[in-house]
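Below: the structure, in structure tokens.
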Amino acid sequence: MNSFQLKYHKSNVLIAALIGVPSIGALLMLMILFCLPINAPLWAITLLIFSFLLVMILALRWIIKNQVFVPCTVTINRQGLRFNIEKASLFYDKKNFFSAWENIASISEKFDDQNGGYYYQIRFRKSFIKVNLSAQINCEEEAELFFKELSCFQDILDLSKIEFPDNYNPVYI
């Protein structure tokens, strides 16, 4: 049984944050702009718009960095994977959950174009979710070790599902 420190996120939560925060910020800005008097100076309106844009950018960065991508301890053993989200988040209500190997549909390594690194995506059968795991800052070697062990368990699991005929005789070289 090995434990790994990784960053955890779900793609649908990231997309919701990328769409939701700017939408809410734009609605708030429009509500305030419509409440301004008609003869409000142009510099005040421009200052208000730029300040709202700055606040939305900072809020979105904070939400993504601290609420979407959260530290997680992943434990791998013969029964399956256990996820322990270490920090409270607005978006993840389950802080501790387990998945047996039979519930895992696929495991893949993906390249992140924006950050220039790799992340590992695990797709589950019964809950229809995709979990993305990436390396924490300065812990890329631990993430590589995690993926190697995860791939090893997946290969062993795939080999155990193969049914050989009764008269099968392996040839050893």
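Here, A, B, ... name the chains of the structure tokens in the order displayed, residue numbers run from 1 inside each chain, and ligands are numbered from 1 in the same displayed order.
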
Enumerate, in order of chain and increasing residue number, the residues of range 51-121 of chain A with an atom no farther than 12 Å from range 128-131 of chain A, each with its shortest atom pair and distance in Å to one decimal, counting only C-alpha atoms, as CSV.
```
residue,atom,partner,partner_atom,distance
A:Val68,CA,A:Val131,CA,11.7
A:Phe69,CA,A:Val131,CA,11.1
A:Val70,CA,A:Val131,CA,11.9
A:Cys72,CA,A:Val131,CA,11.5
A:Val74,CA,A:Val131,CA,11.6
A:Leu81,CA,A:Val131,CA,11.8
A:Phe83,CA,A:Val131,CA,10.2
A:Tyr92,CA,A:Val131,CA,11.7
A:Ser99,CA,A:Val131,CA,11.6
A:Asn103,CA,A:Phe128,CA,9.8
A:Ile104,CA,A:Phe128,CA,9.8
A:Ala105,CA,A:Phe128,CA,9.3
A:Ser106,CA,A:Lys130,CA,9.4
A:Ile107,CA,A:Lys130,CA,9.6
A:Ser108,CA,A:Lys130,CA,10.6
A:Glu109,CA,A:Val131,CA,11.8
A:Tyr119,CA,A:Val131,CA,10.0
A:Tyr120,CA,A:Val131,CA,8.1
A:Gln121,CA,A:Val131,CA,5.6
```

Store the residues picked out above, limited to N, CA, C and O atoms, as a PDB file, in the first residue's frame.
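Output file part13.pdb is given in full below:
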```pdb
ATOM      1  N   VAL A  68     -10.595  24.603  -6.788  1.00  0.00           N
ATOM      2  CA  VAL A  68     -10.773  23.587  -7.829  1.00  0.00           C
ATOM      3  C   VAL A  68      -9.642  22.564  -7.764  1.00  0.00           C
ATOM      4  O   VAL A  68      -9.872  21.365  -7.727  1.00  0.00           O
ATOM      5  N   PHE A  69      -8.384  23.041  -7.752  1.00  0.00           N
ATOM      6  CA  PHE A  69      -7.219  22.167  -7.626  1.00  0.00           C
ATOM      7  C   PHE A  69      -6.880  22.065  -6.142  1.00  0.00           C
ATOM      8  O   PHE A  69      -6.349  23.012  -5.555  1.00  0.00           O
ATOM      9  N   VAL A  70      -7.188  20.919  -5.539  1.00  0.00           N
ATOM     10  CA  VAL A  70      -6.985  20.763  -4.098  1.00  0.00           C
ATOM     11  C   VAL A  70      -5.979  19.640  -3.829  1.00  0.00           C
ATOM     12  O   VAL A  70      -5.890  18.678  -4.586  1.00  0.00           O
ATOM     13  N   CYS A  72      -4.469  16.317  -2.387  1.00  0.00           N
ATOM     14  CA  CYS A  72      -5.137  15.038  -2.152  1.00  0.00           C
ATOM     15  C   CYS A  72      -4.080  13.963  -1.907  1.00  0.00           C
ATOM     16  O   CYS A  72      -3.023  13.965  -2.529  1.00  0.00           O
ATOM     17  N   VAL A  74      -3.557  10.057  -2.373  1.00  0.00           N
ATOM     18  CA  VAL A  74      -4.110   8.894  -3.072  1.00  0.00           C
ATOM     19  C   VAL A  74      -3.357   7.664  -2.579  1.00  0.00           C
ATOM     20  O   VAL A  74      -2.134   7.619  -2.612  1.00  0.00           O
ATOM     21  N   LEU A  81      -8.372   2.162  -5.118  1.00  0.00           N
ATOM     22  CA  LEU A  81      -7.818   3.486  -4.857  1.00  0.00           C
ATOM     23  C   LEU A  81      -8.614   4.191  -3.773  1.00  0.00           C
ATOM     24  O   LEU A  81      -9.837   4.130  -3.768  1.00  0.00           O
ATOM     25  N   PHE A  83      -9.061   8.032  -2.092  1.00  0.00           N
ATOM     26  CA  PHE A  83      -8.774   9.451  -2.232  1.00  0.00           C
ATOM     27  C   PHE A  83      -9.122  10.157  -0.931  1.00  0.00           C
ATOM     28  O   PHE A  83     -10.224  10.001  -0.421  1.00  0.00           O
ATOM     29  N   TYR A  92     -16.154  20.332  -3.677  1.00  0.00           N
ATOM     30  CA  TYR A  92     -16.074  18.886  -3.440  1.00  0.00           C
ATOM     31  C   TYR A  92     -16.639  18.565  -2.065  1.00  0.00           C
ATOM     32  O   TYR A  92     -16.037  18.878  -1.049  1.00  0.00           O
ATOM     33  N   SER A  99     -12.545   3.568  -4.379  1.00  0.00           N
ATOM     34  CA  SER A  99     -13.046   2.915  -5.586  1.00  0.00           C
ATOM     35  C   SER A  99     -12.294   1.608  -5.777  1.00  0.00           C
ATOM     36  O   SER A  99     -11.063   1.584  -5.786  1.00  0.00           O
ATOM     37  N   ASN A 103     -14.414  -0.832 -10.596  1.00  0.00           N
ATOM     38  CA  ASN A 103     -15.171   0.379 -10.921  1.00  0.00           C
ATOM     39  C   ASN A 103     -14.387   1.333 -11.839  1.00  0.00           C
ATOM     40  O   ASN A 103     -14.937   2.286 -12.351  1.00  0.00           O
ATOM     41  N   ILE A 104     -13.116   1.071 -12.058  1.00  0.00           N
ATOM     42  CA  ILE A 104     -12.303   1.956 -12.886  1.00  0.00           C
ATOM     43  C   ILE A 104     -12.420   1.535 -14.343  1.00  0.00           C
ATOM     44  O   ILE A 104     -12.097   0.407 -14.707  1.00  0.00           O
ATOM     45  N   ALA A 105     -12.897   2.465 -15.178  1.00  0.00           N
ATOM     46  CA  ALA A 105     -13.084   2.180 -16.597  1.00  0.00           C
ATOM     47  C   ALA A 105     -11.792   2.403 -17.378  1.00  0.00           C
ATOM     48  O   ALA A 105     -11.449   1.613 -18.254  1.00  0.00           O
ATOM     49  N   SER A 106     -11.087   3.492 -17.091  1.00  0.00           N
ATOM     50  CA  SER A 106      -9.840   3.750 -17.813  1.00  0.00           C
ATOM     51  C   SER A 106      -8.926   4.656 -17.003  1.00  0.00           C
ATOM     52  O   SER A 106      -9.366   5.428 -16.163  1.00  0.00           O
ATOM     53  N   ILE A 107      -7.649   4.508 -17.310  1.00  0.00           N
ATOM     54  CA  ILE A 107      -6.618   5.343 -16.714  1.00  0.00           C
ATOM     55  C   ILE A 107      -5.770   5.851 -17.875  1.00  0.00           C
ATOM     56  O   ILE A 107      -5.314   5.062 -18.701  1.00  0.00           O
ATOM     57  N   SER A 108      -5.594   7.156 -17.952  1.00  0.00           N
ATOM     58  CA  SER A 108      -4.807   7.695 -19.057  1.00  0.00           C
ATOM     59  C   SER A 108      -3.949   8.858 -18.597  1.00  0.00           C
ATOM     60  O   SER A 108      -4.260   9.540 -17.624  1.00  0.00           O
ATOM     61  N   GLU A 109      -2.870   9.058 -19.317  1.00  0.00           N
ATOM     62  CA  GLU A 109      -1.971  10.168 -19.064  1.00  0.00           C
ATOM     63  C   GLU A 109      -2.246  11.217 -20.133  1.00  0.00           C
ATOM     64  O   GLU A 109      -2.298  10.915 -21.318  1.00  0.00           O
ATOM     65  N   TYR A 119      -0.975  15.285 -16.565  1.00  0.00           N
ATOM     66  CA  TYR A 119      -1.882  14.915 -15.495  1.00  0.00           C
ATOM     67  C   TYR A 119      -2.462  13.554 -15.838  1.00  0.00           C
ATOM     68  O   TYR A 119      -2.378  13.092 -16.974  1.00  0.00           O
ATOM     69  N   TYR A 120      -3.008  12.908 -14.840  1.00  0.00           N
ATOM     70  CA  TYR A 120      -3.493  11.543 -14.990  1.00  0.00           C
ATOM     71  C   TYR A 120      -4.993  11.543 -14.772  1.00  0.00           C
ATOM     72  O   TYR A 120      -5.479  12.062 -13.775  1.00  0.00           O
ATOM     73  N   GLN A 121      -5.715  10.987 -15.738  1.00  0.00           N
ATOM     74  CA  GLN A 121      -7.173  10.996 -15.672  1.00  0.00           C
ATOM     75  C   GLN A 121      -7.665   9.573 -15.406  1.00  0.00           C
ATOM     76  O   GLN A 121      -7.276   8.633 -16.090  1.00  0.00           O
TER      77      GLN A 121
END
```

| request: Pick out the residues sitting within 8 Å of range 143-145 of chain A, and hand them over as a ChimeraX atom specification; count only C-alpha atoms, and ignore anything fewer than 3 positions along from it in its own chain. | output: /A:4-6,134-135,139-140,148-149

Could you dump the residues just selected with N, CA, C and O atoms as a compact mmCIF listing (two decimals), in the first residue's frame?
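Wrote it out as result_3.txt, contents follow:
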```txt
# COMPACT_ATOMS: atom_id res chain seq x y z
N PHE A 4 0.39 8.73 -2.11
CA PHE A 4 1.02 9.75 -2.93
C PHE A 4 0.31 11.09 -2.70
O PHE A 4 -0.90 11.13 -2.59
N GLN A 5 1.10 12.16 -2.65
CA GLN A 5 0.57 13.51 -2.50
C GLN A 5 0.41 14.10 -3.90
O GLN A 5 1.39 14.32 -4.60
N LEU A 6 -0.83 14.37 -4.30
CA LEU A 6 -1.12 14.90 -5.63
C LEU A 6 -2.13 16.03 -5.54
O LEU A 6 -2.66 16.32 -4.47
N SER A 134 -2.74 15.57 -10.73
CA SER A 134 -1.50 16.14 -11.25
C SER A 134 -0.51 16.29 -10.11
O SER A 134 -0.86 16.17 -8.94
N ALA A 135 0.72 16.60 -10.50
CA ALA A 135 1.79 16.73 -9.51
C ALA A 135 1.64 18.03 -8.74
O ALA A 135 1.27 19.05 -9.29
N CYS A 139 6.94 18.25 -6.88
CA CYS A 139 6.74 16.83 -6.55
C CYS A 139 6.46 16.02 -7.81
O CYS A 139 5.66 15.08 -7.79
N GLU A 140 7.12 16.36 -8.92
CA GLU A 140 6.87 15.68 -10.18
C GLU A 140 7.31 14.22 -10.15
O GLU A 140 6.68 13.36 -10.75
N LYS A 148 3.30 5.17 -12.57
CA LYS A 148 3.91 3.86 -12.85
C LYS A 148 3.22 2.77 -12.04
O LYS A 148 2.90 1.70 -12.55
N GLU A 149 2.99 3.05 -10.76
CA GLU A 149 2.33 2.05 -9.91
C GLU A 149 0.88 1.85 -10.35
O GLU A 149 0.37 0.73 -10.37
```

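Taking CA of Thr46 in chain A and CA of Ala17 in chain A as endpoints, the distance between them is 25.8 Å.
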
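Taking CA of Phe97 in chain A and CA of Asn66 in chain A as endpoints, the distance between them is 20.3 Å.
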
| What lies within 12 Å of Met29 in chain A using only C-alpha atoms, ignoring chain neighbours under 2 positions off, as a ChimeraX atom specification? | /A:22-27,31-36,45-56

Selection above as a file: N, CA, C and O atoms, as a compact mmCIF listing (two decimals), in the first residue's frame:
```txt
# COMPACT_ATOMS: atom_id res chain seq x y z
N PRO A 22 -16.94 34.42 -14.26
CA PRO A 22 -17.11 35.59 -15.12
C PRO A 22 -18.58 35.96 -15.36
O PRO A 22 -18.91 37.14 -15.46
N SER A 23 -19.45 34.97 -15.42
CA SER A 23 -20.88 35.26 -15.62
C SER A 23 -21.46 36.03 -14.44
O SER A 23 -22.17 37.02 -14.61
N ILE A 24 -21.17 35.56 -13.24
CA ILE A 24 -21.67 36.24 -12.04
C ILE A 24 -21.07 37.64 -11.93
O ILE A 24 -21.77 38.61 -11.63
N GLY A 25 -19.76 37.75 -12.22
CA GLY A 25 -19.11 39.06 -12.17
C GLY A 25 -19.69 40.03 -13.19
O GLY A 25 -19.91 41.21 -12.90
N ALA A 26 -19.97 39.54 -14.40
CA ALA A 26 -20.54 40.40 -15.44
C ALA A 26 -21.95 40.84 -15.06
O ALA A 26 -22.33 42.00 -15.27
N LEU A 27 -22.73 39.93 -14.48
CA LEU A 27 -24.08 40.31 -14.05
C LEU A 27 -24.05 41.37 -12.95
O LEU A 27 -24.83 42.33 -12.98
N MET A 31 -25.52 45.16 -13.30
CA MET A 31 -26.52 45.67 -12.35
C MET A 31 -26.08 47.02 -11.77
O MET A 31 -26.88 47.95 -11.66
N ILE A 32 -24.81 47.12 -11.43
CA ILE A 32 -24.30 48.37 -10.88
C ILE A 32 -24.28 49.46 -11.95
O ILE A 32 -24.64 50.61 -11.69
N LEU A 33 -23.90 49.10 -13.18
CA LEU A 33 -23.87 50.09 -14.26
C LEU A 33 -25.27 50.63 -14.56
O LEU A 33 -25.44 51.82 -14.86
N PHE A 34 -26.27 49.76 -14.52
CA PHE A 34 -27.64 50.20 -14.78
C PHE A 34 -28.20 51.07 -13.65
O PHE A 34 -29.12 51.85 -13.86
N CYS A 35 -27.62 50.95 -12.46
CA CYS A 35 -28.07 51.78 -11.34
C CYS A 35 -27.40 53.15 -11.30
O CYS A 35 -27.83 54.03 -10.54
N LEU A 36 -26.36 53.32 -12.10
CA LEU A 36 -25.68 54.62 -12.12
C LEU A 36 -26.57 55.67 -12.80
O LEU A 36 -27.35 55.35 -13.69
N ILE A 45 -17.29 55.40 -15.11
CA ILE A 45 -17.79 54.14 -15.70
C ILE A 45 -16.61 53.27 -16.13
O ILE A 45 -16.60 52.06 -15.87
N THR A 46 -15.62 53.87 -16.77
CA THR A 46 -14.43 53.12 -17.22
C THR A 46 -13.68 52.55 -16.02
O THR A 46 -13.26 51.38 -16.04
N LEU A 47 -13.51 53.33 -14.99
CA LEU A 47 -12.84 52.85 -13.77
C LEU A 47 -13.60 51.70 -13.13
O LEU A 47 -13.00 50.70 -12.70
N LEU A 48 -14.92 51.80 -13.11
CA LEU A 48 -15.75 50.73 -12.55
C LEU A 48 -15.61 49.44 -13.36
O LEU A 48 -15.45 48.36 -12.78
N ILE A 49 -15.63 49.55 -14.68
CA ILE A 49 -15.50 48.36 -15.54
C ILE A 49 -14.14 47.70 -15.34
O ILE A 49 -14.05 46.48 -15.16
N PHE A 50 -13.06 48.50 -15.35
CA PHE A 50 -11.73 47.92 -15.18
C PHE A 50 -11.54 47.32 -13.79
O PHE A 50 -10.90 46.28 -13.64
N SER A 51 -12.10 47.95 -12.78
CA SER A 51 -11.98 47.37 -11.43
C SER A 51 -12.75 46.06 -11.32
O SER A 51 -12.28 45.12 -10.68
N PHE A 52 -13.92 45.96 -11.95
CA PHE A 52 -14.67 44.70 -11.94
C PHE A 52 -13.91 43.61 -12.70
O PHE A 52 -13.88 42.45 -12.27
N LEU A 53 -13.30 43.97 -13.82
CA LEU A 53 -12.51 42.98 -14.57
C LEU A 53 -11.34 42.48 -13.74
O LEU A 53 -11.06 41.28 -13.71
N LEU A 54 -10.67 43.38 -13.06
CA LEU A 54 -9.55 42.98 -12.21
C LEU A 54 -10.01 42.08 -11.07
O LEU A 54 -9.38 41.05 -10.78
N VAL A 55 -11.12 42.43 -10.44
CA VAL A 55 -11.65 41.60 -9.35
C VAL A 55 -12.06 40.22 -9.87
O VAL A 55 -11.79 39.20 -9.22
N MET A 56 -12.68 40.17 -11.05
CA MET A 56 -13.08 38.87 -11.62
C MET A 56 -11.87 38.00 -11.93
O MET A 56 -11.86 36.80 -11.65
```

| query | Could you pull out the alpha helix (DSSP H) residues of range 11-40 of chain A from DSSP and send them as JSON, numbers by chain? | reply | {"A": [11, 12, 13, 14, 15, 16, 17, 18, 19, 20, 21, 22, 23, 24, 25, 26, 27, 28, 29, 30, 31, 32, 33, 34, 35]}

Put those residues in a file: N, CA and C atoms, as an mmCIF file, in the first residue's frame.
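Listing of out_32.cif after writing:
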```
data_model
loop_
_atom_site.group_PDB
_atom_site.id
_atom_site.type_symbol
_atom_site.label_atom_id
_atom_site.label_comp_id
_atom_site.auth_asym_id
_atom_site.auth_seq_id
_atom_site.Cartn_x
_atom_site.Cartn_y
_atom_site.Cartn_z
ATOM 1 N N SER A 11 -12.809 17.813 -14.177
ATOM 2 C CA SER A 11 -12.916 18.689 -15.346
ATOM 3 C C SER A 11 -14.207 19.503 -15.331
ATOM 4 N N ASN A 12 -15.316 18.878 -14.939
ATOM 5 C CA ASN A 12 -16.592 19.606 -14.952
ATOM 6 C C ASN A 12 -16.614 20.733 -13.920
ATOM 7 N N VAL A 13 -15.910 20.573 -12.808
ATOM 8 C CA VAL A 13 -15.836 21.634 -11.796
ATOM 9 C C VAL A 13 -14.992 22.794 -12.325
ATOM 10 N N LEU A 14 -13.906 22.474 -13.016
ATOM 11 C CA LEU A 14 -13.062 23.515 -13.595
ATOM 12 C C LEU A 14 -13.828 24.308 -14.651
ATOM 13 N N ILE A 15 -14.564 23.631 -15.506
ATOM 14 C CA ILE A 15 -15.351 24.307 -16.540
ATOM 15 C C ILE A 15 -16.440 25.166 -15.908
ATOM 16 N N ALA A 16 -17.092 24.655 -14.875
ATOM 17 C CA ALA A 16 -18.135 25.435 -14.190
ATOM 18 C C ALA A 16 -17.544 26.703 -13.582
ATOM 19 N N ALA A 17 -16.353 26.605 -13.001
ATOM 20 C CA ALA A 17 -15.715 27.796 -12.424
ATOM 21 C C ALA A 17 -15.322 28.790 -13.510
ATOM 22 N N LEU A 18 -14.804 28.273 -14.633
ATOM 23 C CA LEU A 18 -14.394 29.155 -15.725
ATOM 24 C C LEU A 18 -15.574 29.873 -16.368
ATOM 25 N N ILE A 19 -16.743 29.277 -16.315
ATOM 26 C CA ILE A 19 -17.943 29.910 -16.883
ATOM 27 C C ILE A 19 -18.693 30.700 -15.812
ATOM 28 N N GLY A 20 -18.813 30.146 -14.621
ATOM 29 C CA GLY A 20 -19.635 30.748 -13.572
ATOM 30 C C GLY A 20 -19.100 32.042 -13.005
ATOM 31 N N VAL A 21 -17.810 32.098 -12.699
ATOM 32 C CA VAL A 21 -17.248 33.296 -12.072
ATOM 33 C C VAL A 21 -17.356 34.513 -12.993
ATOM 34 N N PRO A 22 -16.941 34.416 -14.257
ATOM 35 C CA PRO A 22 -17.108 35.589 -15.119
ATOM 36 C C PRO A 22 -18.579 35.958 -15.358
ATOM 37 N N SER A 23 -19.451 34.974 -15.420
ATOM 38 C CA SER A 23 -20.875 35.264 -15.622
ATOM 39 C C SER A 23 -21.459 36.025 -14.438
ATOM 40 N N ILE A 24 -21.166 35.560 -13.240
ATOM 41 C CA ILE A 24 -21.668 36.240 -12.040
ATOM 42 C C ILE A 24 -21.067 37.639 -11.935
ATOM 43 N N GLY A 25 -19.764 37.750 -12.218
ATOM 44 C CA GLY A 25 -19.115 39.061 -12.168
ATOM 45 C C GLY A 25 -19.694 40.027 -13.194
ATOM 46 N N ALA A 26 -19.966 39.535 -14.400
ATOM 47 C CA ALA A 26 -20.543 40.399 -15.438
ATOM 48 C C ALA A 26 -21.952 40.840 -15.059
ATOM 49 N N LEU A 27 -22.725 39.928 -14.485
ATOM 50 C CA LEU A 27 -24.081 40.306 -14.052
ATOM 51 C C LEU A 27 -24.047 41.370 -12.950
ATOM 52 N N LEU A 28 -23.156 41.206 -11.984
ATOM 53 C CA LEU A 28 -23.024 42.209 -10.920
ATOM 54 C C LEU A 28 -22.599 43.568 -11.486
ATOM 55 N N MET A 29 -21.643 43.524 -12.427
ATOM 56 C CA MET A 29 -21.175 44.762 -13.024
ATOM 57 C C MET A 29 -22.298 45.458 -13.802
ATOM 58 N N LEU A 30 -23.066 44.693 -14.563
ATOM 59 C CA LEU A 30 -24.173 45.280 -15.325
ATOM 60 C C LEU A 30 -25.247 45.856 -14.401
ATOM 61 N N MET A 31 -25.525 45.156 -13.297
ATOM 62 C CA MET A 31 -26.517 45.667 -12.352
ATOM 63 C C MET A 31 -26.079 47.015 -11.772
ATOM 64 N N ILE A 32 -24.807 47.119 -11.427
ATOM 65 C CA ILE A 32 -24.299 48.373 -10.879
ATOM 66 C C ILE A 32 -24.282 49.459 -11.950
ATOM 67 N N LEU A 33 -23.895 49.101 -13.180
ATOM 68 C CA LEU A 33 -23.871 50.091 -14.260
ATOM 69 C C LEU A 33 -25.270 50.628 -14.564
ATOM 70 N N PHE A 34 -26.270 49.761 -14.516
ATOM 71 C CA PHE A 34 -27.638 50.202 -14.784
ATOM 72 C C PHE A 34 -28.198 51.074 -13.649
ATOM 73 N N CYS A 35 -27.619 50.955 -12.464
ATOM 74 C CA CYS A 35 -28.072 51.776 -11.336
ATOM 75 C C CYS A 35 -27.402 53.150 -11.299
#
```

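For the pair CA of Ala88 in chain A and CA of Lys110 in chain A, the separation is 26.4 Å.
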
| message | Residues of range 1-98 of chain A classed as strand (DSSP E or B) by DSSP on the backbone are to be reported as a PyMOL selection string. | response | chain A and resi 2-10+70-76+80-85+96-98

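With only C-alpha atoms as the atoms that count, the minimum distance from Ile156 in chain A to the choices A:Thr75, A:Glu86, A:Trp101, A:Arg61 is reached by A:Trp101.
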
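Using only C-alpha atoms, the smallest distance between any of A:Phe111, A:Cys152, A:Ser127, A:Pro71 and Phe98 in chain A comes from A:Ser127.
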